[in-house]
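Visitor: Supplied structure: start27.txt, compact mmCIF, C-alpha atoms and all ligand atoms.
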```
# COMPACT_ATOMS: atom_id res chain seq x y z
CA MET A 1 19.30 -131.30 -231.93
CA PHE A 2 22.24 -133.64 -232.36
CA GLY A 3 20.69 -136.94 -231.26
CA PRO A 4 21.50 -140.62 -231.76
CA ASN A 5 20.27 -140.67 -235.36
CA ALA A 6 22.50 -137.77 -236.38
CA ALA A 7 25.44 -139.41 -234.58
CA ARG A 8 24.85 -142.65 -236.50
CA ILE A 9 24.58 -140.85 -239.85
CA PHE A 10 27.83 -138.96 -239.23
CA GLU A 11 29.59 -142.10 -238.12
CA ASN A 12 28.51 -143.95 -241.28
CA ASN A 13 29.24 -141.06 -243.63
CA LYS A 14 32.70 -140.48 -242.23
CA ARG A 15 33.71 -143.85 -243.59
CA HIS A 16 33.19 -142.72 -247.19
CA ILE A 17 33.17 -138.92 -247.19
CA PRO A 18 36.11 -136.94 -245.77
CA GLY A 19 34.74 -135.26 -242.66
CA GLY A 20 31.40 -137.00 -243.20
CA VAL A 21 29.87 -134.01 -245.04
CA VAL A 22 29.87 -133.14 -248.72
CA SER A 23 30.75 -129.51 -249.51
CA VAL A 24 33.00 -128.53 -246.63
CA ASN A 25 31.21 -125.24 -245.99
CA ARG A 26 28.38 -127.39 -244.63
CA ALA A 27 30.54 -128.80 -241.86
CA THR A 28 28.97 -126.72 -239.11
CA ASP A 29 29.47 -126.36 -235.40
CA PRO A 30 27.10 -127.52 -233.96
CA PRO A 31 26.92 -130.40 -236.44
CA VAL A 32 23.53 -131.31 -237.86
CA ALA A 33 21.92 -133.95 -240.08
CA PHE A 34 18.67 -132.84 -241.70
CA GLN A 35 16.08 -135.22 -243.01
CA ARG A 36 13.29 -133.24 -244.65
CA ALA A 37 12.00 -129.74 -245.23
CA LYS A 38 8.72 -128.18 -246.28
CA GLY A 39 7.89 -124.51 -246.65
CA ALA A 40 9.57 -122.54 -243.88
CA TYR A 41 10.49 -125.58 -241.78
CA MET A 42 13.23 -128.20 -241.64
CA TRP A 43 13.35 -131.36 -239.55
CA ASP A 44 16.55 -133.00 -238.41
CA ALA A 45 17.20 -136.73 -238.24
CA ASP A 46 16.14 -136.85 -234.60
CA GLY A 47 12.81 -135.14 -235.17
CA GLY A 48 13.77 -131.59 -234.14
CA ARG A 49 11.84 -128.92 -236.05
CA TYR A 50 13.34 -125.59 -237.05
CA ILE A 51 12.03 -122.40 -238.63
CA ASP A 52 14.59 -122.00 -241.39
CA TYR A 53 16.41 -118.73 -242.09
CA HIS A 54 19.44 -120.35 -243.70
CA ALA A 55 17.45 -121.35 -246.80
CA ALA A 56 20.41 -123.42 -248.03
CA PHE A 57 22.60 -120.32 -248.32
CA ALA A 58 19.63 -118.25 -249.56
CA ALA A 59 18.62 -120.61 -252.37
CA HIS A 60 15.04 -121.19 -251.20
CA PHE A 61 13.11 -118.02 -251.84
CA LEU A 62 9.63 -119.52 -252.11
CA GLY A 63 10.27 -122.00 -249.30
CA HIS A 64 11.36 -125.63 -249.33
CA ASN A 65 9.70 -127.92 -251.86
CA ASP A 66 7.29 -125.31 -253.11
CA PRO A 67 4.28 -127.26 -254.49
CA ASP A 68 4.13 -125.38 -257.82
CA VAL A 69 7.84 -125.88 -258.45
CA THR A 70 7.60 -129.54 -257.49
CA ARG A 71 4.63 -130.00 -259.84
CA ALA A 72 6.53 -128.38 -262.72
CA VAL A 73 9.43 -130.78 -262.15
CA HIS A 74 7.10 -133.79 -262.11
CA GLU A 75 5.40 -132.55 -265.28
CA ALA A 76 8.69 -132.11 -267.11
CA LEU A 77 9.64 -135.70 -266.31
CA ASP A 78 6.14 -137.05 -267.03
CA GLN A 79 6.38 -135.42 -270.45
CA ASP A 80 9.65 -137.30 -271.05
CA HIS A 81 11.82 -134.21 -271.09
CA SER A 82 15.34 -135.47 -270.69
CA LEU A 83 18.92 -134.36 -270.92
CA PHE A 84 19.61 -134.75 -274.64
CA GLY A 85 23.09 -133.27 -274.87
CA ALA A 86 22.66 -132.24 -278.50
CA GLY A 87 20.92 -129.32 -280.11
CA THR A 88 18.49 -127.05 -278.34
CA THR A 89 15.09 -127.46 -276.67
CA GLU A 90 11.93 -125.41 -276.51
CA LEU A 91 12.13 -125.44 -272.72
CA GLU A 92 15.55 -123.74 -272.55
CA GLY A 93 14.37 -121.17 -275.09
CA GLU A 94 11.32 -120.46 -272.97
CA LEU A 95 13.47 -119.84 -269.91
CA ALA A 96 15.89 -117.62 -271.83
CA ALA A 97 13.06 -115.54 -273.30
CA MET A 98 11.43 -115.18 -269.89
CA ILE A 99 14.62 -113.94 -268.24
CA CYS A 100 15.56 -111.59 -271.10
CA ARG A 101 12.06 -110.09 -270.90
CA HIS A 102 12.25 -109.36 -267.19
CA VAL A 103 15.91 -108.64 -266.46
CA PRO A 104 17.12 -105.39 -268.05
CA ALA A 105 20.81 -106.33 -267.72
CA VAL A 106 20.33 -109.52 -269.72
CA GLU A 107 20.12 -109.19 -273.50
CA SER A 108 21.06 -112.82 -274.04
CA LEU A 109 22.20 -115.62 -271.75
CA GLN A 110 23.72 -119.01 -271.18
CA VAL A 111 22.49 -121.57 -268.68
CA LEU A 112 24.94 -123.28 -266.31
CA ASN A 113 24.65 -125.34 -263.15
CA THR A 114 26.30 -123.32 -260.41
CA GLY A 115 27.17 -119.77 -259.52
CA SER A 116 30.88 -120.62 -259.51
CA GLU A 117 30.77 -121.87 -263.09
CA ALA A 118 28.98 -118.72 -264.16
CA THR A 119 31.40 -116.31 -262.46
CA TYR A 120 34.29 -118.34 -263.90
CA GLN A 121 32.90 -117.97 -267.41
CA ALA A 122 32.18 -114.26 -266.93
CA LEU A 123 35.80 -113.59 -265.98
CA ARG A 124 37.21 -115.77 -268.75
CA ALA A 125 35.02 -114.01 -271.30
CA ALA A 126 36.10 -110.63 -269.88
CA ARG A 127 39.74 -111.59 -270.48
CA ALA A 128 38.93 -112.65 -274.03
CA ILE A 129 37.02 -109.44 -274.71
CA THR A 130 39.65 -107.06 -273.30
CA GLY A 131 42.84 -109.00 -273.99
CA ARG A 132 43.86 -108.24 -270.38
CA ASP A 133 44.45 -110.59 -267.44
CA HIS A 134 43.96 -108.72 -264.17
CA VAL A 135 40.73 -108.73 -262.18
CA ILE A 136 39.42 -106.77 -259.22
CA VAL A 137 37.45 -108.50 -256.48
CA MET A 138 35.92 -107.22 -253.28
CA GLN A 139 37.38 -107.82 -249.85
CA GLY A 140 34.44 -109.53 -248.10
CA GLY A 141 32.82 -110.71 -251.32
CA TYR A 142 32.25 -114.32 -252.35
CA ASN A 143 31.92 -115.29 -255.99
CA GLY A 144 32.63 -119.01 -255.92
CA TRP A 145 35.42 -121.53 -255.50
CA HIS A 146 37.66 -121.04 -258.57
CA ASN A 147 41.15 -119.56 -258.70
CA ASP A 148 40.21 -115.95 -259.46
CA VAL A 149 37.77 -115.54 -256.62
CA ALA A 150 38.59 -118.05 -253.85
CA CYS A 151 40.13 -115.30 -251.77
CA ASN A 152 39.67 -112.34 -249.43
CA LEU A 153 36.40 -113.30 -247.82
CA MET A 154 36.46 -113.09 -244.01
CA THR A 155 40.20 -112.42 -243.88
CA PRO A 156 41.35 -111.78 -240.28
CA LEU A 157 42.46 -108.16 -239.97
CA ALA A 158 45.74 -109.33 -238.44
CA ALA A 159 46.57 -110.97 -241.77
CA LEU A 160 44.98 -108.32 -243.98
CA GLY A 161 46.53 -105.29 -242.34
CA PRO A 162 45.04 -101.82 -241.96
CA ARG A 163 42.65 -100.20 -244.40
CA GLN A 164 44.29 -99.23 -247.69
CA SER A 165 42.47 -96.41 -249.43
CA PRO A 166 43.30 -95.84 -252.12
CA GLY A 167 45.09 -99.16 -252.29
CA GLU A 168 44.71 -102.90 -252.66
CA TYR A 169 45.02 -106.03 -250.55
CA LYS A 170 47.14 -108.94 -251.47
CA PHE A 171 45.48 -112.22 -252.41
CA HIS A 172 44.41 -114.12 -249.29
CA ALA A 173 43.48 -117.54 -250.59
CA ILE A 174 40.56 -119.39 -249.01
CA SER A 175 41.78 -122.55 -250.74
CA ALA A 176 45.10 -124.26 -251.06
CA GLY A 177 46.31 -125.08 -254.55
CA ILE A 178 45.96 -121.71 -256.27
CA PRO A 179 49.15 -121.05 -258.27
CA GLU A 180 51.22 -118.15 -257.01
CA THR A 181 51.43 -116.75 -260.55
CA HIS A 182 47.65 -116.63 -260.74
CA GLN A 183 47.32 -114.86 -257.41
CA HIS A 184 49.21 -111.85 -258.80
CA LEU A 185 46.41 -111.29 -261.30
CA VAL A 186 43.76 -110.74 -258.63
CA HIS A 187 43.45 -107.50 -256.67
CA ALA A 188 41.13 -107.08 -253.71
CA VAL A 189 39.76 -103.69 -252.72
CA ASN A 190 37.22 -102.67 -250.13
CA PHE A 191 33.56 -102.43 -251.09
CA ASN A 192 32.20 -98.89 -251.38
CA ASP A 193 35.66 -97.54 -252.22
CA LEU A 194 35.84 -96.18 -255.77
CA ASP A 195 39.26 -94.58 -255.23
CA SER A 196 40.81 -98.00 -254.71
CA VAL A 197 39.27 -99.33 -257.93
CA GLU A 198 40.84 -96.40 -259.74
CA PHE A 199 44.17 -97.03 -257.96
CA VAL A 200 44.26 -100.62 -259.24
CA CYS A 201 43.19 -99.61 -262.76
CA LYS A 202 46.08 -97.14 -262.97
CA LYS A 203 48.55 -99.84 -261.93
CA TYR A 204 47.43 -102.87 -263.95
CA PRO A 205 45.58 -103.69 -267.17
CA VAL A 206 42.26 -104.74 -265.62
CA ALA A 207 39.97 -107.05 -267.57
CA ALA A 208 37.09 -107.17 -265.12
CA LEU A 209 35.74 -106.12 -261.79
CA ILE A 210 33.42 -108.60 -260.14
CA THR A 211 31.25 -107.73 -257.18
CA GLU A 212 28.02 -108.64 -255.51
CA PRO A 213 25.96 -105.44 -255.73
CA VAL A 214 25.24 -105.94 -252.01
CA LEU A 215 27.84 -107.92 -250.08
CA GLN A 216 25.67 -110.80 -248.90
CA ASN A 217 28.30 -113.26 -247.78
CA ILE A 218 29.23 -111.08 -244.81
CA GLY A 219 25.64 -110.32 -243.87
CA ILE A 220 24.00 -107.47 -245.74
CA VAL A 221 26.50 -104.72 -246.59
CA PRO A 222 24.67 -102.36 -248.94
CA PRO A 223 26.29 -100.14 -251.56
CA ARG A 224 26.54 -96.44 -250.76
CA ALA A 225 24.46 -94.11 -252.93
CA GLU A 226 26.21 -93.69 -256.27
CA TYR A 227 28.69 -96.55 -255.65
CA LEU A 228 27.32 -98.88 -258.31
CA GLU A 229 26.95 -95.98 -260.77
CA GLY A 230 30.55 -95.07 -259.94
CA LEU A 231 31.70 -98.58 -260.84
CA ARG A 232 29.76 -98.32 -264.09
CA SER A 233 31.51 -95.11 -265.05
CA LEU A 234 34.97 -96.38 -264.03
CA ALA A 235 34.36 -99.45 -266.20
CA GLY A 236 33.67 -97.15 -269.13
CA HIS A 237 36.70 -94.98 -268.40
CA TYR A 238 39.24 -97.76 -267.85
CA GLY A 239 37.73 -100.26 -270.27
CA PHE A 240 37.14 -103.15 -267.89
CA VAL A 241 34.13 -105.44 -267.96
CA LEU A 242 31.76 -104.88 -265.06
CA VAL A 243 30.39 -108.13 -263.64
CA PHE A 244 27.61 -108.09 -261.07
CA ASP A 245 27.41 -111.32 -259.15
CA GLU A 246 23.69 -111.49 -258.41
CA VAL A 247 23.78 -115.13 -257.32
CA LYS A 248 22.32 -114.07 -253.97
CA THR A 249 20.75 -110.68 -254.68
CA GLY A 250 19.27 -111.76 -258.04
CA PHE A 251 15.67 -112.73 -258.01
CA ARG A 252 15.47 -112.50 -254.22
CA HIS A 253 15.32 -108.70 -254.30
CA ALA A 254 13.57 -108.20 -257.63
CA LEU A 255 12.83 -110.19 -260.72
CA GLY A 256 14.98 -107.74 -262.65
CA GLY A 257 17.84 -108.30 -260.20
CA TYR A 258 19.31 -105.76 -257.80
CA SER A 259 20.86 -103.92 -260.74
CA ALA A 260 17.36 -103.15 -262.02
CA LEU A 261 16.39 -101.74 -258.63
CA GLN A 262 19.39 -99.42 -258.84
CA SER A 263 19.11 -98.75 -262.59
CA VAL A 264 22.74 -99.70 -263.16
CA LYS A 265 23.50 -102.09 -266.00
CA PRO A 266 26.57 -104.31 -265.64
CA ASP A 267 28.18 -105.85 -268.73
CA PHE A 268 27.69 -109.36 -267.36
CA ALA A 269 25.33 -110.46 -264.61
CA VAL A 270 25.26 -113.83 -262.91
CA TYR A 271 22.22 -115.34 -261.22
CA GLY A 272 21.67 -118.52 -259.23
CA LYS A 273 19.98 -119.76 -256.06
CA ALA A 274 16.54 -118.03 -255.98
CA VAL A 275 16.33 -118.37 -259.78
CA ALA A 276 15.05 -121.93 -259.39
CA ASN A 277 14.19 -122.05 -255.68
CA GLY A 278 16.94 -124.46 -254.71
CA TYR A 279 17.41 -126.45 -257.93
CA PRO A 280 20.92 -126.39 -259.43
CA ILE A 281 20.99 -123.78 -262.15
CA ALA A 282 22.85 -120.55 -262.85
CA ILE A 283 22.41 -117.91 -265.49
CA LEU A 284 25.18 -115.91 -267.11
CA GLY A 285 23.75 -113.04 -269.11
CA GLY A 286 24.55 -109.56 -270.26
CA LYS A 287 25.35 -107.43 -273.24
CA ARG A 288 24.63 -109.35 -276.42
CA GLU A 289 27.89 -108.15 -277.99
CA TYR A 290 29.85 -109.67 -275.09
CA MET A 291 27.75 -112.84 -274.82
CA ASP A 292 28.48 -113.43 -278.50
CA TYR A 293 32.10 -114.21 -277.57
CA PHE A 294 30.80 -117.69 -276.71
CA VAL A 295 30.00 -118.16 -280.41
CA HIS A 296 32.66 -115.88 -281.88
CA PRO A 297 33.21 -116.68 -285.57
CA ASP A 298 36.97 -116.42 -285.03
CA ALA A 299 37.94 -119.60 -283.16
CA ALA A 300 40.91 -117.83 -281.58
CA LYS A 301 38.53 -115.40 -279.86
CA ARG A 302 35.78 -117.88 -279.00
CA VAL A 303 35.29 -118.64 -275.31
CA LEU A 304 34.57 -122.27 -274.54
CA LEU A 305 31.30 -122.75 -272.75
CA ALA A 306 30.37 -126.38 -272.34
CA GLY A 307 28.75 -128.53 -269.70
CA THR A 308 27.11 -131.93 -269.85
CA TYR A 309 24.31 -130.87 -267.52
CA ASN A 310 23.78 -127.28 -268.68
CA ALA A 311 20.04 -126.52 -268.94
CA HIS A 312 19.02 -129.89 -267.60
CA PRO A 313 15.21 -129.94 -267.92
CA VAL A 314 14.57 -130.46 -264.21
CA PRO A 315 16.16 -127.20 -262.99
CA VAL A 316 14.93 -125.40 -266.11
CA ALA A 317 11.34 -126.43 -265.34
CA ALA A 318 11.89 -125.45 -261.70
CA SER A 319 13.21 -122.06 -262.77
CA LEU A 320 10.27 -121.38 -265.09
CA ALA A 321 7.81 -122.29 -262.33
CA THR A 322 9.68 -120.11 -259.83
CA ILE A 323 9.76 -117.09 -262.12
CA ARG A 324 6.05 -117.47 -262.94
CA LYS A 325 5.32 -117.20 -259.23
CA LEU A 326 7.31 -113.98 -259.02
CA LEU A 327 5.61 -112.21 -261.92
CA ASP A 328 2.69 -110.52 -260.17
CA GLY A 329 4.79 -109.12 -257.32
CA ALA A 330 2.74 -110.76 -254.53
CA VAL A 331 5.74 -112.76 -253.28
CA TYR A 332 7.88 -109.61 -253.04
CA ARG A 333 5.13 -107.74 -251.19
CA HIS A 334 4.68 -110.65 -248.76
CA VAL A 335 8.38 -111.05 -247.91
CA GLU A 336 8.78 -107.27 -247.58
CA ARG A 337 5.93 -107.22 -245.04
CA LEU A 338 7.54 -110.05 -243.09
CA GLY A 339 10.98 -108.47 -243.33
CA ALA A 340 9.63 -105.16 -242.04
CA ARG A 341 7.89 -106.96 -239.16
CA MET A 342 11.14 -108.74 -238.28
CA GLU A 343 13.14 -105.53 -238.49
CA ALA A 344 10.70 -103.56 -236.32
CA GLY A 345 10.65 -106.38 -233.75
CA LEU A 346 14.45 -106.58 -233.68
CA ARG A 347 14.81 -102.85 -233.19
CA LYS A 348 12.49 -103.12 -230.20
CA ILE A 349 14.05 -106.15 -228.50
CA ALA A 350 17.68 -105.44 -229.45
CA PRO A 351 18.09 -101.66 -229.65
CA ARG A 352 21.88 -101.90 -229.40
CA VAL A 353 22.19 -104.21 -232.37
CA ALA A 354 22.37 -102.79 -235.91
CA VAL A 355 19.88 -104.38 -238.30
CA SER A 356 20.67 -104.36 -242.01
CA ARG A 357 17.84 -105.49 -244.24
CA ILE A 358 16.89 -105.50 -247.89
CA GLY A 359 13.48 -107.09 -248.38
CA SER A 360 13.67 -110.72 -247.33
CA ALA A 361 17.39 -110.72 -246.49
CA PHE A 362 18.76 -109.32 -243.28
CA CYS A 363 21.55 -109.52 -240.74
CA LEU A 364 22.12 -108.43 -237.16
CA TYR A 365 25.41 -106.77 -236.40
CA PHE A 366 26.53 -106.47 -232.83
CA MET A 367 27.85 -102.96 -233.38
CA ASP A 368 26.37 -99.45 -233.46
CA HIS A 369 26.00 -99.07 -237.22
CA VAL A 370 25.60 -101.13 -240.38
CA PRO A 371 29.11 -101.83 -241.71
CA VAL A 372 30.24 -100.22 -244.96
CA ASP A 373 32.89 -102.84 -245.74
CA TRP A 374 34.84 -105.78 -244.34
CA HIS A 375 37.32 -103.65 -242.35
CA ASP A 376 34.46 -101.86 -240.63
CA LEU A 377 32.70 -105.14 -239.86
CA ALA A 378 35.76 -107.05 -238.71
CA ALA A 379 36.89 -104.22 -236.45
CA ASN A 380 33.52 -103.52 -234.83
CA HIS A 381 31.19 -106.52 -234.97
CA ASP A 382 31.10 -108.62 -231.81
CA ALA A 383 31.31 -111.96 -233.60
CA GLU A 384 31.36 -113.91 -230.35
CA SER A 385 27.95 -112.58 -229.28
CA ASP A 386 26.62 -113.24 -232.78
CA ASN A 387 27.85 -116.85 -232.69
CA ARG A 388 26.40 -117.35 -229.22
CA LEU A 389 23.01 -116.05 -230.34
CA ARG A 390 23.02 -118.34 -233.36
CA ARG A 391 23.84 -121.38 -231.24
CA ARG A 392 21.04 -120.61 -228.77
CA LEU A 393 18.55 -120.08 -231.57
CA ILE A 394 19.41 -123.41 -233.13
CA GLU A 395 18.89 -125.04 -229.74
CA SER A 396 15.46 -123.41 -229.55
CA GLY A 397 14.28 -124.40 -233.04
CA VAL A 398 15.31 -121.46 -235.22
CA TYR A 399 17.91 -122.41 -237.82
CA VAL A 400 20.42 -119.76 -238.80
CA PHE A 401 23.79 -120.69 -240.22
CA PRO A 402 26.08 -120.93 -237.18
CA LEU A 403 28.70 -118.48 -238.37
CA ALA A 404 28.77 -114.83 -237.35
CA ALA A 405 27.66 -112.28 -239.94
CA LYS A 406 25.97 -114.76 -242.26
CA GLN A 407 22.78 -113.65 -243.95
CA TRP A 408 19.29 -114.52 -242.68
CA SER A 409 16.77 -115.27 -245.43
CA ILE A 410 13.00 -115.08 -245.15
CA SER A 411 11.01 -117.05 -247.71
CA ALA A 412 7.54 -116.66 -249.15
CA ALA A 413 6.49 -119.66 -247.07
CA HIS A 414 7.15 -117.86 -243.78
CA THR A 415 4.18 -116.39 -241.94
CA GLU A 416 3.72 -113.59 -239.44
CA ALA A 417 3.41 -116.27 -236.77
CA ASP A 418 6.86 -117.61 -237.75
CA ILE A 419 8.34 -114.13 -237.48
CA ASP A 420 6.75 -113.58 -234.07
CA GLU A 421 7.93 -116.99 -232.83
CA THR A 422 11.44 -116.15 -234.05
CA LEU A 423 11.43 -112.74 -232.38
CA ALA A 424 10.36 -114.36 -229.10
CA ALA A 425 13.22 -116.88 -229.43
CA ILE A 426 15.69 -114.08 -230.15
CA GLU A 427 14.47 -112.12 -227.15
CA ARG A 428 14.91 -115.16 -224.89
CA ALA A 429 18.36 -115.88 -226.36
CA LEU A 430 19.55 -112.31 -225.90
CA ALA A 431 18.32 -112.29 -222.33
C1 LIG B 501 27.32 -114.22 -254.33
C2 LIG B 501 27.70 -115.61 -254.68
N1 LIG B 501 28.32 -115.86 -255.85
C3 LIG B 501 28.67 -117.09 -256.23
C4 LIG B 501 28.43 -118.16 -255.42
C5 LIG B 501 28.83 -119.53 -255.87
O1 LIG B 501 27.69 -120.22 -256.24
P1 LIG B 501 27.71 -121.84 -256.23
O2 LIG B 501 27.83 -122.25 -254.80
O3 LIG B 501 26.39 -122.19 -256.84
O4 LIG B 501 28.87 -122.26 -257.04
C6 LIG B 501 27.79 -117.97 -254.19
C7 LIG B 501 27.51 -119.10 -253.29
O5 LIG B 501 27.19 -118.97 -252.15
C8 LIG B 501 27.42 -116.66 -253.81
O6 LIG B 501 26.83 -116.40 -252.64
```
Write the structure described by the file as structure tokens, please.
Guide:
Amino acid sequence: MFGPNAARIFENNKRHIPGGVVSVNRATDPPVAFQRAKGAYMWDADGGRYIDYHAAFAAHFLGHNDPDVTRAVHEALDQDHSLFGAGTTELEGELAAMICRHVPAVESLQVLNTGSEATYQALRAARAITGRDHVIVMQGGYNGWHNDVACNLMTPLAALGPRQSPGEYKFHAISAGIPETHQHLVHAVNFNDLDSVEFVCKKYPVAALITEPVLQNIGIVPPRAEYLEGLRSLAGHYGFVLVFDEVKTGFRHALGGYSALQSVKPDFAVYGKAVANGYPIAILGGKREYMDYFVHPDAAKRVLLAGTYNAHPVPVAASLATIRKLLDGAVYRHVERLGARMEAGLRKIAPRVAVSRIGSAFCLYFMDHVPVDWHDLAANHDAESDNRLRRRLIESGVYVFPLAAKQWSISAAHTEADIDETLAAIERALA
């Protein structure tokens, strides 16, 4: 609910923050000002309570302010862990060992603060490793805000043009300020389309292909059988570095990452969000031989990886506590049960809507099938109905991000009662 308190907060914040909101992707319609969150619920500044499926863009996998994660953070500070900015710490070593033990794609790793930093470093390292400059990205994928990847997300089909297969799409920036010369180095292809990857590789010296293994910034667009394996073998054939952006899929679908579920090993993998249940941390890991470029003995080949806040003890402690809670599989079994309950309920109350779900993450598409790529989605999904549903749900106390085709995320803090309450709200909204 946008009440007098939210109005006052916006009014005040607009004086010092352009638009009144930090991070412009949080400037939503309807606008909102949240005050607190616990478990599966968030409260806005005017006292409205919501069951949360936004999960801060899927960062909260255990639920907001999980007590064990909060305790670990307090303990780290009580024990006078601090940001030292020199040398190493036992804590960062513990986290690295834990992740290397459980994530098959990660032989060694670096710790950064955000997914964007990690994808940036992965692509820069790929260029250093291959001596090539071109990269392939997915139309409909999101890998962060930097120059290589701030493009081709929800590009209107009128601008994008018809499907090109095999073929490529020109760079459609989602930010101003990206140099024209840089844009020529980036080639977008449709997800699930191996022929187009091959097309680009034959035309340009490609350093890297970066993709989410499931496109989760346009809902849940899963890979076709053999697609990820196909990318793996094209990487071998054409000599590019395969980067899986698991910032969203990562620990939400399995502790080993989605790549472990599919038994496909990328060269680099990037994790964020669910890794520390909402605390700012990202992991860049992969083949040891490639990770060693960050400490290459030849300075001309060494890739600079630096960051004042890298492996800050607060998010590191949060990440260790989060991973410990994922070890015995109970969280995954719980969210799978809830996800299945939600999916079954949706199929009953909305038989004409396509439901795409992987474990705790799902999306409703107002079309007769789950899309295979952005062209399919943009041409067939009734975004207006989706937006209307989202708005009505927010009005009735269910928070989903108010933008068509954005992912819904269930957390371990949700209960069957939450799912049933949500289904009842959806049924009322659809009616
Ligand atoms: C798949 C994916 N990669 C990268 C990023 C960028 O991460 P960050 O916002 O932490 O920079 C995001 C953010 O939503 C994402 O969903």
Visitor: From the options A:Ala150, A:Met291, A:Val106, A:Ala76, which residue's atoms come nearest to ligand LIG 501 (chain B), counting all atoms listed in the file?
Guide: A:Ala150
Visitor: Can you tell me which residues come within 6 Å of ligand LIG 501 (chain B) when counting all atoms listed in the file, ideally as a CSV table (one decimal) with C-alpha atoms, in the coordinates of the input?
Guide:
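File produced: result-v2.csv:
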```csv
chain,number,residue,atom,x,y,z
A,114,THR,CA,26.3,-123.3,-260.4
A,115,GLY,CA,27.2,-119.8,-259.5
A,116,SER,CA,30.9,-120.6,-259.5
A,142,TYR,CA,32.2,-114.3,-252.4
A,143,ASN,CA,31.9,-115.3,-256.0
A,144,GLY,CA,32.6,-119.0,-255.9
A,212,GLU,CA,28.0,-108.6,-255.5
A,217,ASN,CA,28.3,-113.3,-247.8
A,245,ASP,CA,27.4,-111.3,-259.2
A,247,VAL,CA,23.8,-115.1,-257.3
A,248,LYS,CA,22.3,-114.1,-254.0
```
Visitor: Tell me, as a list in words, which residues lie within 10 Å of Pro371 in chain A, counting only C-alpha atoms; anything in the same chain fewer than 6 positions away does not count.
Guide: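 That gives Ile218, Gly219, Ile220, Val221, Pro222, Ala354, Ser356, Tyr365, Leu377, Ala378, Ala379, Asn380 and His381 of chain A.
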Visitor: Counting only C-alpha atoms, which residue out of A:Val243, A:Val137, A:Ile394, A:Cys100 sits closest to Pro31 in chain A?
Guide: A:Ile394
Visitor: Measuring between all atoms listed in the file, which one of A:Ala59, A:Leu109, A:Arg352, A:Ile99 shows the shortest distance to Leu284 in chain A?
Guide: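 Of the candidates, the smallest distance to Leu284 in chain A is held by A:Leu109.
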Visitor: Kindly indicate which residue among A:Arg341, A:His312, A:His172, A:His54 lies nearest to Leu91 in chain A, using all atoms listed in the file for the distances.
Guide: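 Ranking A:Arg341, A:His312, A:His172, A:His54 by distance to Leu91 in chain A, first place goes to A:His312.
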